[in-house]
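**Student:** What follows is a structure written as structure tokens; I'll ask about it next.
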Amino acid sequence: MSEDQKRVLEQQLWGIANLLRGKISADDYRDYILGFIFYKYLSEKQYLYANDLLEGEEVTDYAKVTDKETLQAIEEESLLKLGYFLKPTELFSVVAAKGNANTEVQSNYIIDDLKAVLNHIELSTMGTESEDDFNALFEDLDLNSTKIGRTPEARNTIIVQILNHLDQIDFKLKDIDSDVLGDAYEYLIAKFAAGAGKSAGEFYTPQQVSKILAQIVTTGKTKIKSVYDPTCGSGSLLLRVAKEVEVSEFYGQEQNRTTYNLARMNMILHDVHFREFDIKHEDTLEHPKHLDLRFEAVVANPPFSAHWKGDASPLFSTDERFSQYGKLAPKTKADYAFLLHMVHQLADNGIMATVVPHGVLFRGAAEGTIREYLIKELNYLDAVIGLPANIFYGTSIPTCIMVFKKCREANDSILFIDASSDENFVKEGNQNVLRHQDVEKIIATYRNRTAIEKYSYVATLDDLKKNDYNLNIPRYVDTFEEEDTVDLDQVATDLVAVAEALEANETTIATYCNQLNIKTPF
């Protein structure tokens, strides 16, 4: 039943986007739609929780409570349990109803009310454990922006329209699995990512790639203490790990402020308690926020070949994350800076899986030195998995997954998988997409360390040494398809036959033309 409910909810929520298409740009209405969905979710959670607390009281409907002592008691309990507090007058349904009441007695102008409500949600958390998780959470909901209307009245009309549409959707938080709304929210994020062009990679990793990473880092486990993503985007990778095993704590860091807010909303919408996640906003390489922690699972889809300060800052040369490797990642390619940061954060019993561009496998100079040290001296690299090109939003370049473990069971070999050929994906529109069976094949091959002709190869450390620690996948997985032998004598015979047939046809056509007393066409 949950799957059916989720599909219905997804279509209902996407219907809001269709409602606004052509009125304001997709990039602009994305933040408003996702933000208002989040506000409605917080409102419904508050309403249901308050009603539970009111059982046995004279007034059992939170929306009708006016007693100050009762409201104060509910506020105290809500801040402990939910991490925030909404008054009865601040509930989504109340604000939406005012937006529909355009009479001589009452105006339907709700922008000021809405600002006050969103501001109060954040203020209610100040001085509490959840303050960091709600701080400036609604800052991207600029209700005065001319992007959604040139005048206050025009903006109000759009906002009322969104709230009215949302108010008609029953989230059924009391009746459905907690992931149903969260997954529908991620569905919206994915739909927005599909139309966001180059910026999409900043906040979303395709679901099937997320699934591969999540299943790899949870291999052999039913629960893990902590999962970490240093470039967490909307948080989809972290949440995907929780679909595979029980996760106690989620950690992430994100440089883009809007995306950072989205990640926190996504966590809360998936019913992850505010005490169970710690998402930080800052540049991970320059200002890491969890450096003293080690994580049992590390997943990431860092920005490909990003620029960073590198050796322009002397601090990085002595940084404990990078100092032992003898070289720093190039300033114009931060791929290995992210890799080494994640290796540093990985626990001894953990698994790390990250998406990287293919250049990481074979580029020389400083990157070659770092790569050799990781393999030869530390022996941390466990597997390299080549993915099809054009499976990420915003870029068509081929990518791969690198898997690292500090205590490897198969410590004398590295598994190479080439899942990039045509039979390992399907084309949907402009994107290449991994199917369920493609994902399952990758995971089974990784977990069993199986050598499959033209698909995977288990290379020894000596193999890598002979290749100067170049990890280019075709060096290890031979996907060459021998073409059929061409019989040139037969080709010559066929050409003679074709020429004779043409000559005969021309003779026949000339005969007909003579009979009709017209010119021949040749």
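Here's how to read the names in the structure tokens: chain A, B, ... by the order shown, residue numbers from 1 in each chain, ligand numbers from 1 in the order shown.
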Quick one: everything within 9 Å of segment 236-252 of chain A, counting only C-alpha atoms, minus sequence neighbours fewer than 6 positions away in the same chain. Send it as an MDAnalysis selection string.

**Tutor:** chainID A and resid 186 203:205 207 210:211 213:215 217:218 221:230 263 266:267 270 272 275:281 289:290 295 297:301

**Student:** Quick one: residues within 6 Å of segment 28-40 of chain A, only C-alpha atoms, excluding same-chain residues fewer than 2 positions away - as a list in words?

**Tutor:** Ser25, Ala26, Leu42, Ser43, Phe92 and Leu141 of chain A

**Student:** Please produce a file of those selected residues containing N, CA and C atoms, as a tab-separated table (two decimals), in the first residue's frame.

**Tutor:**
chain	number	residue	atom	x	y	z
A	25	SER	N	9.92	30.83	-13.25
A	25	SER	CA	10.88	29.84	-13.73
A	25	SER	C	11.03	28.68	-12.73
A	26	ALA	N	11.42	27.51	-13.27
A	26	ALA	CA	11.56	26.31	-12.44
A	26	ALA	C	12.57	26.51	-11.32
A	42	LEU	N	5.86	20.21	8.95
A	42	LEU	CA	6.10	20.60	10.35
A	42	LEU	C	4.78	20.89	11.05
A	43	SER	N	3.88	21.55	10.33
A	43	SER	CA	2.58	21.89	10.89
A	43	SER	C	1.77	20.64	11.26
A	92	PHE	N	-0.45	25.38	9.25
A	92	PHE	CA	-0.54	25.56	7.79
A	92	PHE	C	-1.99	25.76	7.35
A	141	LEU	N	13.22	31.06	1.19
A	141	LEU	CA	11.83	31.41	0.91
A	141	LEU	C	11.68	32.93	1.01

**Student:** Work out how far atom CA of Ala497 of chain A is from atom CA of Ile518 of chain A, in Å to one decimal.

**Tutor:**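 That distance, rounded to one decimal, is 28.8 Å.
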
**Student:** Could you work out how far atom CA of Lys6 of chain A lies from atom CA of Asp183 of chain A, giving the answer in Å with one decimal?

**Tutor:** 7.4 Å

**Student:** Could I get the residues of segment 108-138 of chain A with an atom no further than 8 Å from an atom of segment 78-91 of chain A, each paired with its nearest atom pair and that distance in Å to one decimal, using only C-alpha atoms, sorted by chain and residue number, as a tab-separated table?

**Tutor:**
residue	atom	partner	partner_atom	distance
A:Val117	CA	A:Glu90	CA	5.8
A:His120	CA	A:Leu86	CA	7.8
A:Ile121	CA	A:Tyr84	CA	6.2
A:Glu122	CA	A:Tyr84	CA	7.5
A:Ser124	CA	A:Tyr84	CA	5.8
A:Thr125	CA	A:Tyr84	CA	5.5
A:Thr128	CA	A:Leu79	CA	7.6
A:Glu129	CA	A:Gly83	CA	7.4
A:Ser130	CA	A:Gly83	CA	5.3

**Student:** Tell me which of A:Tyr373, A:Ala334, A:Glu77, A:Arg7 sits closest to Lys465 of chain A, counting only C-alpha atoms.

**Tutor:**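 Answer, going by the shortest atom-to-atom distance: A:Tyr373.
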
**Student:** Report the residues of segment 332-457 of chain A whose backbone DSSP state falls under strand (DSSP E), written as number ranges by chain.

**Tutor:** A: 346-357, 381-386, 399-405, 413-418, 426-428, 431-433, 456-457

**Student:** What does the structure give for the distance between atom CA of Thr399 of chain A and atom CA of Gln253 of chain A, in Å to one decimal?

**Tutor:**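 Going from atom CA of Thr399 of chain A over to atom CA of Gln253 of chain A, I get 22.4 Å.
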
**Student:** Could you give me, as a list in words, the residues within 7 Å of Thr460 of chain A, counting only C-alpha atoms and dropping anything in the same chain fewer than 5 positions from it?

**Tutor:**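 That gives Asp412, Ser413 and Ile414 of chain A.
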
**Student:** Kindly export the residues of the current selection with all heavy atoms, as an mmCIF file, in the first residue's frame.

**Tutor:**
data_model
loop_
_atom_site.group_PDB
_atom_site.id
_atom_site.type_symbol
_atom_site.label_atom_id
_atom_site.label_comp_id
_atom_site.auth_asym_id
_atom_site.auth_seq_id
_atom_site.Cartn_x
_atom_site.Cartn_y
_atom_site.Cartn_z
ATOM 1 N N ASP A 412 45.259 -8.654 -1.030
ATOM 2 C CA ASP A 412 46.287 -8.866 -2.053
ATOM 3 C C ASP A 412 45.762 -8.632 -3.463
ATOM 4 O O ASP A 412 46.426 -8.944 -4.445
ATOM 5 C CB ASP A 412 46.840 -10.293 -1.947
ATOM 6 C CG ASP A 412 45.759 -11.341 -2.151
ATOM 7 O OD1 ASP A 412 44.551 -10.985 -2.080
ATOM 8 O OD2 ASP A 412 46.101 -12.523 -2.355
ATOM 9 N N SER A 413 44.537 -8.084 -3.556
ATOM 10 C CA SER A 413 43.950 -7.894 -4.890
ATOM 11 C C SER A 413 42.999 -6.699 -4.890
ATOM 12 O O SER A 413 42.545 -6.241 -3.841
ATOM 13 C CB SER A 413 43.186 -9.149 -5.323
ATOM 14 O OG SER A 413 42.063 -9.370 -4.473
ATOM 15 N N ILE A 414 42.726 -6.229 -6.106
ATOM 16 C CA ILE A 414 41.757 -5.140 -6.293
ATOM 17 C C ILE A 414 40.793 -5.560 -7.392
ATOM 18 O O ILE A 414 41.207 -6.045 -8.449
ATOM 19 C CB ILE A 414 42.468 -3.827 -6.670
ATOM 20 C CG1 ILE A 414 43.335 -3.353 -5.494
ATOM 21 C CG2 ILE A 414 41.463 -2.743 -7.054
ATOM 22 C CD1 ILE A 414 44.223 -2.188 -5.810
#

**Student:** Hey, what does DSSP flag as helix (DSSP H, G or I) within segment 21-133 of chain A? Can you give it to me as a PyMOL selection string?

**Tutor:** chain A and resi 26-53+62-64+68-81+88-90+92-100+111-123+131-133

**Student:** Could you write out that same residue set with C-alpha atoms as a PDB file, in the first residue's frame?

**Tutor:**
ATOM      1  CA  ALA A  26      11.559  26.305 -12.437  1.00  0.00           C
ATOM      2  CA  ASP A  27      14.700  27.398 -10.595  1.00  0.00           C
ATOM      3  CA  ASP A  28      12.671  30.012  -8.751  1.00  0.00           C
ATOM      4  CA  TYR A  29       9.585  28.007  -7.825  1.00  0.00           C
ATOM      5  CA  ARG A  30      11.597  24.955  -6.709  1.00  0.00           C
ATOM      6  CA  ASP A  31      12.631  26.566  -3.427  1.00  0.00           C
ATOM      7  CA  TYR A  32       9.103  27.813  -2.736  1.00  0.00           C
ATOM      8  CA  ILE A  33       7.398  24.503  -3.418  1.00  0.00           C
ATOM      9  CA  LEU A  34       9.897  22.459  -1.383  1.00  0.00           C
ATOM     10  CA  GLY A  35       9.886  25.049   1.411  1.00  0.00           C
ATOM     11  CA  PHE A  36       6.091  25.169   1.702  1.00  0.00           C
ATOM     12  CA  ILE A  37       5.846  21.361   1.640  1.00  0.00           C
ATOM     13  CA  PHE A  38       8.272  21.368   4.547  1.00  0.00           C
ATOM     14  CA  TYR A  39       6.209  23.972   6.420  1.00  0.00           C
ATOM     15  CA  LYS A  40       3.053  21.875   5.925  1.00  0.00           C
ATOM     16  CA  TYR A  41       4.910  18.800   7.190  1.00  0.00           C
ATOM     17  CA  LEU A  42       6.100  20.603  10.346  1.00  0.00           C
ATOM     18  CA  SER A  43       2.575  21.895  10.892  1.00  0.00           C
ATOM     19  CA  GLU A  44       0.951  18.465  10.595  1.00  0.00           C
ATOM     20  CA  LYS A  45       3.582  16.881  12.876  1.00  0.00           C
ATOM     21  CA  GLN A  46       2.915  19.598  15.460  1.00  0.00           C
ATOM     22  CA  TYR A  47      -0.848  19.134  15.206  1.00  0.00           C
ATOM     23  CA  LEU A  48      -0.716  15.348  15.598  1.00  0.00           C
ATOM     24  CA  TYR A  49       1.791  15.463  18.462  1.00  0.00           C
ATOM     25  CA  ALA A  50      -0.183  18.148  20.324  1.00  0.00           C
ATOM     26  CA  ASN A  51      -3.411  16.150  19.910  1.00  0.00           C
ATOM     27  CA  ASP A  52      -1.669  13.124  21.460  1.00  0.00           C
ATOM     28  CA  LEU A  53      -0.709  15.279  24.433  1.00  0.00           C
ATOM     29  CA  TYR A  62      -5.030  21.498  19.186  1.00  0.00           C
ATOM     30  CA  ALA A  63      -6.361  23.995  16.660  1.00  0.00           C
ATOM     31  CA  LYS A  64      -8.949  25.111  19.285  1.00  0.00           C
ATOM     32  CA  LYS A  68      -1.920  29.790  27.941  1.00  0.00           C
ATOM     33  CA  GLU A  69      -0.761  27.169  30.451  1.00  0.00           C
ATOM     34  CA  THR A  70      -1.753  24.339  28.138  1.00  0.00           C
ATOM     35  CA  LEU A  71       0.039  25.968  25.214  1.00  0.00           C
ATOM     36  CA  GLN A  72       3.174  26.491  27.300  1.00  0.00           C
ATOM     37  CA  ALA A  73       3.176  22.815  28.348  1.00  0.00           C
ATOM     38  CA  ILE A  74       2.745  21.705  24.732  1.00  0.00           C
ATOM     39  CA  GLU A  75       5.553  24.037  23.646  1.00  0.00           C
ATOM     40  CA  GLU A  76       7.957  22.571  26.221  1.00  0.00           C
ATOM     41  CA  GLU A  77       7.156  18.999  25.184  1.00  0.00           C
ATOM     42  CA  SER A  78       7.283  19.839  21.466  1.00  0.00           C
ATOM     43  CA  LEU A  79      10.745  21.382  21.714  1.00  0.00           C
ATOM     44  CA  LEU A  80      12.035  18.210  23.374  1.00  0.00           C
ATOM     45  CA  LYS A  81      10.336  15.789  20.991  1.00  0.00           C
ATOM     46  CA  PRO A  88      -2.477  26.825  16.789  1.00  0.00           C
ATOM     47  CA  THR A  89      -2.794  30.114  14.871  1.00  0.00           C
ATOM     48  CA  GLU A  90       0.417  29.300  12.951  1.00  0.00           C
ATOM     49  CA  PHE A  92      -0.540  25.560   7.790  1.00  0.00           C
ATOM     50  CA  SER A  93      -4.288  25.001   7.424  1.00  0.00           C
ATOM     51  CA  VAL A  94      -5.055  28.249   9.295  1.00  0.00           C
ATOM     52  CA  VAL A  95      -2.730  30.350   7.102  1.00  0.00           C
ATOM     53  CA  ALA A  96      -4.003  28.643   3.929  1.00  0.00           C
ATOM     54  CA  ALA A  97      -7.625  29.285   4.982  1.00  0.00           C
ATOM     55  CA  LYS A  98      -6.884  33.001   5.391  1.00  0.00           C
ATOM     56  CA  GLY A  99      -5.478  32.985   1.853  1.00  0.00           C
ATOM     57  CA  ASN A 100      -8.851  31.759   0.591  1.00  0.00           C
ATOM     58  CA  ILE A 111       2.626  37.263   3.119  1.00  0.00           C
ATOM     59  CA  ASP A 112       3.229  39.109   6.410  1.00  0.00           C
ATOM     60  CA  ASP A 113       1.547  36.331   8.426  1.00  0.00           C
ATOM     61  CA  LEU A 114       3.594  33.713   6.621  1.00  0.00           C
ATOM     62  CA  LYS A 115       6.843  35.568   7.272  1.00  0.00           C
ATOM     63  CA  ALA A 116       6.008  35.772  10.955  1.00  0.00           C
ATOM     64  CA  VAL A 117       5.184  32.053  11.167  1.00  0.00           C
ATOM     65  CA  LEU A 118       8.369  30.897   9.418  1.00  0.00           C
ATOM     66  CA  ASN A 119      10.420  33.275  11.528  1.00  0.00           C
ATOM     67  CA  HIS A 120       8.786  31.992  14.717  1.00  0.00           C
ATOM     68  CA  ILE A 121       9.563  28.365  13.844  1.00  0.00           C
ATOM     69  CA  GLU A 122      13.253  29.278  13.850  1.00  0.00           C
ATOM     70  CA  LEU A 123      12.966  31.516  16.933  1.00  0.00           C
ATOM     71  CA  GLU A 131      18.827  25.439  17.193  1.00  0.00           C
ATOM     72  CA  ASP A 132      21.561  24.622  14.646  1.00  0.00           C
ATOM     73  CA  ASP A 133      19.230  22.335  12.705  1.00  0.00           C
TER      74      ASP A 133
END

**Student:** Extract, using only C-alpha atoms, all DNA, RNA and protein residues at most 12 Å from Thr369 of chain A, discarding same-chain residues fewer than 2 positions from it, and format them as a short mmCIF file (atom, residue, chain, number, x, y, z; two decimals) with all heavy atoms, in the first residue's frame.

**Tutor:**
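Result file follows (result_2.cif):
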data_model
loop_
_atom_site.label_atom_id
_atom_site.label_comp_id
_atom_site.auth_asym_id
_atom_site.auth_seq_id
_atom_site.Cartn_x
_atom_site.Cartn_y
_atom_site.Cartn_z
N GLN A 324 51.04 13.00 4.75
CA GLN A 324 51.84 11.78 4.58
C GLN A 324 52.03 11.36 3.13
O GLN A 324 52.88 10.51 2.83
CB GLN A 324 51.19 10.62 5.36
CG GLN A 324 49.84 10.16 4.80
CD GLN A 324 49.29 8.94 5.52
OE1 GLN A 324 49.98 7.92 5.64
NE2 GLN A 324 48.07 9.06 6.04
N TYR A 325 51.28 11.96 2.21
CA TYR A 325 51.31 11.49 0.82
C TYR A 325 52.41 12.14 -0.01
O TYR A 325 52.65 11.74 -1.15
CB TYR A 325 49.94 11.73 0.17
CG TYR A 325 48.85 10.92 0.83
CD1 TYR A 325 48.14 11.44 1.91
CD2 TYR A 325 48.58 9.62 0.42
CE1 TYR A 325 47.16 10.70 2.54
CE2 TYR A 325 47.60 8.87 1.05
CZ TYR A 325 46.90 9.42 2.12
OH TYR A 325 45.95 8.66 2.76
N GLY A 326 53.07 13.14 0.53
CA GLY A 326 54.20 13.75 -0.17
C GLY A 326 53.83 14.77 -1.21
O GLY A 326 54.65 15.59 -1.61
N LYS A 327 52.61 14.75 -1.69
CA LYS A 327 52.13 15.70 -2.70
C LYS A 327 50.71 16.13 -2.35
O LYS A 327 49.97 15.40 -1.68
CB LYS A 327 52.12 15.07 -4.10
CG LYS A 327 53.48 14.67 -4.63
CD LYS A 327 54.26 15.86 -5.15
CE LYS A 327 55.56 15.42 -5.81
NZ LYS A 327 56.33 16.58 -6.33
N LEU A 328 50.32 17.30 -2.84
CA LEU A 328 48.95 17.76 -2.71
C LEU A 328 48.25 17.65 -4.06
O LEU A 328 48.89 17.75 -5.10
CB LEU A 328 48.91 19.22 -2.25
CG LEU A 328 49.33 19.50 -0.81
CD1 LEU A 328 49.46 21.01 -0.58
CD2 LEU A 328 48.34 18.91 0.18
N ALA A 329 46.94 17.44 -4.02
CA ALA A 329 46.17 17.41 -5.27
C ALA A 329 46.33 18.74 -5.98
O ALA A 329 46.43 19.79 -5.34
CB ALA A 329 44.70 17.15 -4.96
N PRO A 330 46.37 18.75 -7.31
CA PRO A 330 46.53 20.00 -8.07
C PRO A 330 45.44 21.02 -7.74
O PRO A 330 44.31 20.65 -7.43
CB PRO A 330 46.41 19.54 -9.53
CG PRO A 330 46.71 18.09 -9.50
CD PRO A 330 46.23 17.58 -8.18
N TYR A 336 41.53 14.31 -5.61
CA TYR A 336 42.28 13.56 -4.61
C TYR A 336 42.26 14.26 -3.25
O TYR A 336 42.45 13.60 -2.21
CB TYR A 336 43.72 13.31 -5.07
CG TYR A 336 43.84 12.00 -5.82
CD1 TYR A 336 43.89 11.97 -7.21
CD2 TYR A 336 43.86 10.79 -5.13
CE1 TYR A 336 43.95 10.78 -7.91
CE2 TYR A 336 43.92 9.58 -5.82
CZ TYR A 336 43.97 9.59 -7.20
OH TYR A 336 44.03 8.39 -7.88
N VAL A 360 40.96 10.46 -12.43
CA VAL A 360 41.53 10.08 -11.13
C VAL A 360 42.27 8.75 -11.23
O VAL A 360 43.22 8.50 -10.49
CB VAL A 360 40.39 10.00 -10.08
CG1 VAL A 360 40.87 9.38 -8.78
CG2 VAL A 360 39.84 11.40 -9.82
N LEU A 361 41.86 7.90 -12.16
CA LEU A 361 42.45 6.56 -12.27
C LEU A 361 43.83 6.57 -12.92
O LEU A 361 44.64 5.68 -12.66
CB LEU A 361 41.53 5.66 -13.09
CG LEU A 361 40.09 5.49 -12.59
CD1 LEU A 361 39.32 4.56 -13.52
CD2 LEU A 361 40.07 4.95 -11.17
N PHE A 362 44.11 7.56 -13.75
CA PHE A 362 45.36 7.46 -14.53
C PHE A 362 46.20 8.73 -14.62
O PHE A 362 47.33 8.68 -15.10
CB PHE A 362 45.05 6.99 -15.97
CG PHE A 362 44.04 7.83 -16.70
CD1 PHE A 362 44.40 9.04 -17.27
CD2 PHE A 362 42.72 7.41 -16.80
CE1 PHE A 362 43.48 9.81 -17.95
CE2 PHE A 362 41.78 8.18 -17.48
CZ PHE A 362 42.16 9.39 -18.05
N ARG A 363 45.69 9.88 -14.18
CA ARG A 363 46.48 11.10 -14.29
C ARG A 363 47.78 10.97 -13.48
O ARG A 363 47.79 10.35 -12.41
CB ARG A 363 45.69 12.32 -13.82
CG ARG A 363 44.57 12.72 -14.79
CD ARG A 363 44.01 14.10 -14.48
NE ARG A 363 43.37 14.17 -13.17
CZ ARG A 363 42.07 14.35 -12.97
NH1 ARG A 363 41.24 14.45 -14.00
NH2 ARG A 363 41.59 14.44 -11.75
N GLY A 364 48.85 11.55 -14.03
CA GLY A 364 50.17 11.42 -13.39
C GLY A 364 50.49 12.55 -12.46
O GLY A 364 49.62 13.12 -11.81
N ALA A 365 51.80 12.89 -12.37
CA ALA A 365 52.31 13.97 -11.51
C ALA A 365 51.87 13.72 -10.07
O ALA A 365 51.98 12.60 -9.57
CB ALA A 365 51.85 15.32 -12.04
N ALA A 366 51.38 14.77 -9.39
CA ALA A 366 51.02 14.65 -7.98
C ALA A 366 49.96 13.59 -7.74
O ALA A 366 50.03 12.81 -6.78
CB ALA A 366 50.54 16.00 -7.45
N GLU A 367 49.00 13.51 -8.65
CA GLU A 367 47.92 12.53 -8.48
C GLU A 367 48.45 11.10 -8.59
O GLU A 367 47.99 10.21 -7.87
CB GLU A 367 46.82 12.79 -9.51
CG GLU A 367 46.09 14.09 -9.26
CD GLU A 367 45.04 14.37 -10.32
OE1 GLU A 367 45.44 14.69 -11.46
OE2 GLU A 367 43.85 14.27 -10.02
N ARG A 371 48.13 8.33 -5.66
CA ARG A 371 47.48 7.06 -6.00
C ARG A 371 48.39 5.89 -5.65
O ARG A 371 47.94 4.89 -5.05
CB ARG A 371 47.14 7.06 -7.49
CG ARG A 371 46.35 5.84 -7.94
CD ARG A 371 45.84 6.02 -9.37
NE ARG A 371 46.91 6.25 -10.33
CZ ARG A 371 47.06 7.38 -11.02
NH1 ARG A 371 46.21 8.39 -10.86
NH2 ARG A 371 48.06 7.52 -11.88
N GLU A 372 49.66 5.99 -5.99
CA GLU A 372 50.61 4.91 -5.68
C GLU A 372 50.73 4.70 -4.17
O GLU A 372 50.78 3.56 -3.70
CB GLU A 372 51.98 5.24 -6.28
CG GLU A 372 53.02 4.15 -6.00
CD GLU A 372 54.35 4.42 -6.69
OE1 GLU A 372 54.38 5.21 -7.67
OE2 GLU A 372 55.36 3.84 -6.25
N TYR A 373 50.75 5.79 -3.41
CA TYR A 373 50.89 5.67 -1.96
C TYR A 373 49.66 4.97 -1.35
O TYR A 373 49.78 4.12 -0.47
CB TYR A 373 51.07 7.05 -1.34
CG TYR A 373 51.54 7.02 0.10
CD1 TYR A 373 52.89 7.08 0.41
CD2 TYR A 373 50.63 6.91 1.16
CE1 TYR A 373 53.33 7.05 1.73
CE2 TYR A 373 51.05 6.87 2.47
CZ TYR A 373 52.40 6.94 2.75
OH TYR A 373 52.83 6.89 4.06
N LEU A 374 48.48 5.34 -1.84
CA LEU A 374 47.24 4.73 -1.35
C LEU A 374 47.22 3.22 -1.57
O LEU A 374 46.73 2.46 -0.73
CB LEU A 374 46.03 5.35 -2.05
CG LEU A 374 45.52 6.69 -1.51
CD1 LEU A 374 44.52 7.31 -2.50
CD2 LEU A 374 44.86 6.51 -0.15
N ILE A 375 47.81 2.79 -2.71
CA ILE A 375 47.77 1.37 -3.06
C ILE A 375 48.98 0.62 -2.51
O ILE A 375 48.85 -0.39 -1.82
CB ILE A 375 47.71 1.21 -4.60
CG1 ILE A 375 46.45 1.87 -5.16
CG2 ILE A 375 47.75 -0.27 -4.99
CD1 ILE A 375 46.46 2.06 -6.65
N LYS A 376 50.15 1.13 -2.79
CA LYS A 376 51.38 0.42 -2.45
C LYS A 376 51.69 0.47 -0.95
O LYS A 376 52.02 -0.57 -0.35
CB LYS A 376 52.55 1.03 -3.24
CG LYS A 376 53.89 0.35 -2.99
CD LYS A 376 54.99 1.04 -3.80
CE LYS A 376 56.36 0.44 -3.52
NZ LYS A 376 57.43 1.16 -4.27
N GLU A 377 51.60 1.64 -0.36
CA GLU A 377 51.99 1.79 1.04
C GLU A 377 50.85 1.49 2.01
O GLU A 377 51.06 0.86 3.05
CB GLU A 377 52.51 3.22 1.30
CG GLU A 377 53.66 3.63 0.39
CD GLU A 377 54.88 2.72 0.56
OE1 GLU A 377 55.08 2.17 1.66
OE2 GLU A 377 55.63 2.56 -0.42
N ASP A 468 52.43 0.51 -13.28
CA ASP A 468 52.82 1.76 -12.61
C ASP A 468 51.64 2.39 -11.85
O ASP A 468 51.50 3.61 -11.80
CB ASP A 468 53.38 2.77 -13.62
CG ASP A 468 54.71 2.30 -14.21
OD1 ASP A 468 55.50 1.68 -13.47
OD2 ASP A 468 54.93 2.54 -15.40
N TYR A 469 50.78 1.54 -11.31
CA TYR A 469 49.63 1.95 -10.50
C TYR A 469 48.65 2.80 -11.29
O TYR A 469 47.90 3.60 -10.73
CB TYR A 469 50.10 2.65 -9.21
CG TYR A 469 50.97 1.73 -8.39
CD1 TYR A 469 52.37 1.80 -8.46
CD2 TYR A 469 50.40 0.73 -7.60
CE1 TYR A 469 53.17 0.92 -7.75
CE2 TYR A 469 51.20 -0.15 -6.88
CZ TYR A 469 52.59 -0.05 -6.96
OH TYR A 469 53.38 -0.94 -6.27
N ASN A 470 48.65 2.62 -12.59
CA ASN A 470 47.63 3.20 -13.45
C ASN A 470 46.38 2.32 -13.33
O ASN A 470 46.45 1.10 -13.54
CB ASN A 470 48.13 3.24 -14.89
CG ASN A 470 47.15 3.90 -15.84
OD1 ASN A 470 45.96 3.69 -15.76
ND2 ASN A 470 47.68 4.69 -16.76
#

**Student:** Using only C-alpha atoms, which of the listed residues (A:Glu423, A:Leu461, A:Asp319, A:Gly233) sits closest to Leu378 of chain A?

**Tutor:**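 With only C-alpha atoms as the atom set, the closest residue is A:Leu461.
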